[in-house]
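> You'll find start_21.tsv just under this line, and it carries TSV, C-alpha atoms.
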```
chain	number	residue	atom	x	y	z
A	1	MET	CA	4.78	16.60	-2.33
A	2	GLU	CA	5.99	19.61	-0.46
A	3	TYR	CA	3.99	22.65	0.52
A	4	ARG	CA	4.17	25.86	2.49
A	5	ARG	CA	1.42	27.87	4.10
A	6	PHE	CA	1.39	31.64	3.63
A	7	GLY	CA	-1.48	33.05	5.69
A	8	ASP	CA	-4.67	31.62	4.20
A	9	THR	CA	-2.89	30.16	1.15
A	10	LEU	CA	-1.15	26.83	0.63
A	11	VAL	CA	1.39	26.53	-2.19
A	12	LEU	CA	2.00	22.91	-3.17
A	13	ARG	CA	4.66	21.32	-5.32
A	14	ILE	CA	3.37	17.91	-6.33
A	15	ASP	CA	6.20	15.75	-7.62
A	16	LYS	CA	6.67	13.23	-10.42
A	17	GLY	CA	4.72	10.02	-9.83
A	18	GLU	CA	2.38	11.53	-7.24
A	19	GLU	CA	-1.38	11.64	-7.65
A	20	ILE	CA	-2.88	15.14	-7.62
A	21	ILE	CA	-6.11	14.62	-5.62
A	22	GLN	CA	-4.33	12.45	-3.05
A	23	SER	CA	-1.67	15.14	-2.55
A	24	LEU	CA	-4.31	17.86	-2.18
A	25	ARG	CA	-6.15	15.72	0.36
A	26	LEU	CA	-3.01	15.18	2.46
A	27	ALA	CA	-2.20	18.90	2.61
A	28	ALA	CA	-5.81	19.99	3.24
A	29	GLU	CA	-6.32	17.48	6.02
A	30	LYS	CA	-2.99	18.29	7.67
A	31	GLU	CA	-3.76	22.02	7.55
A	32	GLN	CA	-7.43	21.54	8.48
A	33	VAL	CA	-8.64	23.27	5.31
A	34	ARG	CA	-12.39	22.65	5.01
A	35	LEU	CA	-13.25	25.24	2.36
A	36	ALA	CA	-10.95	26.45	-0.40
A	37	ALA	CA	-10.52	27.50	-4.02
A	38	VAL	CA	-7.93	25.49	-5.98
A	39	GLU	CA	-5.91	26.25	-9.11
A	40	ALA	CA	-2.93	24.49	-10.64
A	41	LEU	CA	-0.77	23.86	-13.69
A	42	GLY	CA	1.94	21.37	-14.56
A	43	ALA	CA	2.39	18.14	-16.48
A	44	VAL	CA	0.76	14.72	-16.25
A	45	ASP	CA	1.27	11.40	-18.02
A	46	ASP	CA	-1.83	9.54	-16.87
A	47	PHE	CA	-5.22	11.04	-16.09
A	48	THR	CA	-8.91	10.29	-16.08
A	49	VAL	CA	-11.55	12.97	-16.55
A	50	GLY	CA	-15.28	12.56	-16.89
A	51	VAL	CA	-18.36	14.24	-18.21
A	52	PHE	CA	-21.65	14.08	-16.30
A	53	ASP	CA	-24.64	13.17	-18.44
A	54	THR	CA	-27.53	15.11	-16.89
A	55	VAL	CA	-30.18	12.85	-18.50
A	56	GLU	CA	-28.60	9.54	-17.39
A	57	LYS	CA	-27.33	11.11	-14.15
A	58	GLN	CA	-23.99	9.37	-14.45
A	59	TYR	CA	-20.39	10.12	-15.34
A	60	HIS	CA	-18.66	8.87	-18.44
A	61	ALA	CA	-14.92	8.64	-17.85
A	62	ASN	CA	-12.15	9.13	-20.39
A	63	HIS	CA	-8.62	7.90	-19.66
A	64	PHE	CA	-5.50	9.41	-21.24
A	65	SER	CA	-1.83	8.46	-21.04
A	66	GLY	CA	1.23	10.06	-22.60
A	67	ALA	CA	2.78	13.52	-22.44
A	68	TYR	CA	0.24	16.19	-21.43
A	69	GLU	CA	0.51	19.74	-20.10
A	70	ILE	CA	-2.14	20.88	-17.64
A	71	VAL	CA	-3.79	23.84	-19.37
A	72	SER	CA	-6.11	24.49	-16.44
A	73	LEU	CA	-6.96	22.82	-13.17
A	74	THR	CA	-9.55	24.54	-11.02
A	75	GLY	CA	-12.02	23.62	-8.34
A	76	THR	CA	-13.07	23.63	-4.72
A	77	VAL	CA	-12.42	21.88	-1.46
A	78	THR	CA	-15.48	21.38	0.73
A	79	THR	CA	-16.68	18.61	3.03
A	80	GLN	CA	-19.18	15.78	2.81
A	81	ASP	CA	-20.24	14.10	6.05
A	82	GLY	CA	-17.56	16.27	7.67
A	83	LYS	CA	-14.75	14.79	5.55
A	84	PHE	CA	-12.55	16.18	2.75
A	85	TYR	CA	-14.29	16.53	-0.61
A	86	ALA	CA	-12.59	17.89	-3.72
A	87	HIS	CA	-14.46	18.92	-6.85
A	88	LEU	CA	-11.86	19.58	-9.55
A	89	HIS	CA	-11.94	20.04	-13.30
A	90	MET	CA	-8.84	19.73	-15.46
A	91	SER	CA	-7.96	20.25	-19.08
A	92	ALA	CA	-4.66	19.03	-20.51
A	93	GLY	CA	-3.07	19.40	-23.93
A	94	ASP	CA	-1.00	16.91	-25.92
A	95	ARG	CA	2.04	17.65	-28.11
A	96	GLU	CA	-0.22	18.51	-31.05
A	97	GLY	CA	-2.12	21.08	-28.99
A	98	LYS	CA	-5.28	19.03	-28.67
A	99	VAL	CA	-6.92	19.61	-25.30
A	100	PHE	CA	-9.01	17.11	-23.34
A	101	GLY	CA	-10.76	17.72	-20.07
A	102	GLY	CA	-13.62	17.36	-17.66
A	103	HIS	CA	-14.27	16.42	-14.06
A	104	LEU	CA	-10.97	15.17	-12.62
A	105	ASN	CA	-11.08	11.60	-11.31
A	106	SER	CA	-7.31	11.08	-11.05
A	107	ALA	CA	-4.05	12.39	-12.47
A	108	THR	CA	-0.44	11.32	-12.04
A	109	VAL	CA	2.24	14.00	-12.30
A	110	SER	CA	4.94	13.45	-14.93
A	111	ALA	CA	7.24	16.36	-14.07
A	112	THR	CA	5.68	18.74	-11.54
A	113	CYS	CA	2.37	20.26	-10.57
A	114	GLU	CA	2.23	23.73	-9.00
A	115	MET	CA	-0.95	24.18	-6.99
A	116	VAL	CA	-2.34	27.14	-5.07
A	117	VAL	CA	-5.04	26.47	-2.48
A	118	ARG	CA	-6.77	29.53	-1.05
A	119	ALA	CA	-8.43	28.59	2.24
A	120	LEU	CA	-11.69	30.39	2.98
A	121	ASP	CA	-13.30	31.07	6.36
A	122	GLY	CA	-16.31	28.88	6.94
A	123	GLU	CA	-17.53	25.53	5.80
A	124	VAL	CA	-19.69	24.29	2.95
A	125	GLU	CA	-20.96	20.74	3.19
A	126	ARG	CA	-21.97	18.53	0.23
A	127	GLN	CA	-25.30	16.77	0.04
A	128	PHE	CA	-26.55	14.43	-2.67
A	129	ASP	CA	-29.42	15.90	-4.71
A	130	GLU	CA	-31.61	13.17	-6.21
A	131	LYS	CA	-33.11	15.45	-8.89
A	132	VAL	CA	-29.71	16.48	-10.23
A	133	GLY	CA	-27.79	13.32	-9.35
A	134	LEU	CA	-24.81	15.17	-7.86
A	135	ASN	CA	-23.37	16.18	-4.49
A	136	LEU	CA	-24.32	19.87	-4.34
A	137	PHE	CA	-23.31	22.69	-1.99
A	138	ARG	CA	-25.28	22.74	1.27
A	139	PHE	CA	-24.68	25.97	3.10
A	140	LEU	CA	-24.47	25.57	6.86
```
Output the structure of this file as structure tokens.

Amino acid sequence: MEYRRFGDTLVLRIDKGEEIIQSLRLAAEKEQVRLAAVEALGAVDDFTVGVFDTVEKQYHANHFSGAYEIVSLTGTVTTQDGKFYAHLHMSAGDREGKVFGGHLNSATVSATCEMVVRALDGEVERQFDEKVGLNLFRFL
């Protein structure tokens, strides 16, 4: 992974074989980004996305492998207990044009991933909400 900072924006090139969330974490921690909006596109060959069941209050993960193009990857960087926390969603299409997506658990780049991270002033912490079953925004 290589990246450059342009003012409040990081532009990342995540390379073949690298994991997307891990790469984002490395750049965000190095640049001390604690609040940001994230968007990306590229290609992956192994990824896991999940759907949160609001009744059961748990995620159901789906794993995919093969040739996929990232149709959309969007999300936020915040903190939980003062540490990096990424909440990302990704959809990816196969060679037939079928698209699969959800909450991103992991994704390995097959060619490249181009990511833009817009750092925001301030900090938003995450806190677990028992009623919902998720780590929600807690504004400081």
> Which of these residues is nearest to A:Val124, using all atoms listed in the file: A:Ser110, A:Ser65, A:Ser91, A:Thr79?
A:Thr79
> Taking 3 positions as the minimum chain separation for residues in the same chain, which residues sit within 9 Å of A:Leu41 when counting only C-alpha atoms? Answer as a short mmCIF file (atom, residue, chain, number, x, y, z; two decimals) with C-alpha atoms, keeping the file's coordinate frame.

```
data_model
loop_
_atom_site.label_atom_id
_atom_site.label_comp_id
_atom_site.auth_asym_id
_atom_site.auth_seq_id
_atom_site.Cartn_x
_atom_site.Cartn_y
_atom_site.Cartn_z
CA GLU A 69 0.51 19.74 -20.10
CA ILE A 70 -2.14 20.88 -17.64
CA VAL A 71 -3.79 23.84 -19.37
CA SER A 72 -6.11 24.49 -16.44
CA LEU A 73 -6.96 22.82 -13.17
CA THR A 112 5.68 18.74 -11.54
CA CYS A 113 2.37 20.26 -10.57
CA GLU A 114 2.23 23.73 -9.00
CA MET A 115 -0.95 24.18 -6.99
#
```
> Excluding A:Gly102 and any residue of its chain fewer than 6 positions from it, enumerate the residues within 7 Å of it, using only C-alpha atoms, and give them as a PyMOL selection string.
chain A and resi 49-51+89-91
> One decimal, in Å: what's the spacing between atom CA of A:Ala43 and atom CA of A:Thr108?
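Pair atom CA of A:Ala43 / atom CA of A:Thr108 returns 8.6 Å.
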> Go through A:Lys30, A:His87, A:Arg118, A:Arg126 one by one, measure the shortest atom-to-atom distance of each to A:Phe139 using only C-alpha atoms, and give the residue with the smallest value.
A:Arg126
> Write out as a PyMOL selection string the residues lying within 12 Å of A:Ala119, counting all atoms listed in the file and excluding same-chain residues fewer than 6 positions away.
chain A and resi 5-11+27-29+31-39+76-78
> Rank nothing, just name the residue among A:Gly93, A:Val109, A:Val117, A:Asn135 nearest to A:Arg4, using all atoms listed in the file.
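Smallest distance to A:Arg4 is found for A:Val117.
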> Do you have the atom CA of A:Gln22-atom CA of A:Phe100 distance handy?
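Answer for the atom CA of A:Gln22 to atom CA of A:Phe100 separation: 21.3 Å.
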> To one decimal in Å, tell me the separation between atom CA of A:Gln80 and atom CA of A:Glu125.
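Interatomic distance here is 5.3 Å.
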> Which one of A:Leu12, A:Leu26, A:Ala67, A:Ala111 sits closest to A:Ala92 if you count only C-alpha atoms?
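With only C-alpha atoms as the atom set, the closest residue is A:Ala67.
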> In terms of the shortest atom-to-atom distance over all atoms listed in the file, which of A:Glu2, A:Asp15, A:Asp121, A:Asp46 is closest to A:Ala107?
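So, comparing all the options, the nearest one is A:Asp46.
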> Quick one: everything within 6 Å of A:Phe47, counting all atoms listed in the file, minus sequence neighbours fewer than 5 positions away in the same chain. Send it as JSON, numbers by chain.
{"A": [63, 64, 106, 107]}
> Please determine an axis-aligned box that encloses all atoms of stretch 120-138 of chain A listed in the file, with 4 Å added on each side, and express its centre and edge lengths in Å to one decimal as lines of an AutoDock Vina configuration file.

```
center_x = -22.4
center_y = 22.1
center_z = -1.6
size_x = 29.4
size_y = 25.9
size_z = 25.2
```
> For each of A:Phe137, A:Val132, A:Glu18, A:Arg13, take the minimum atom-to-atom distance to A:Tyr85, counting all atoms listed in the file, then give the residue where this is smallest.
A:Phe137
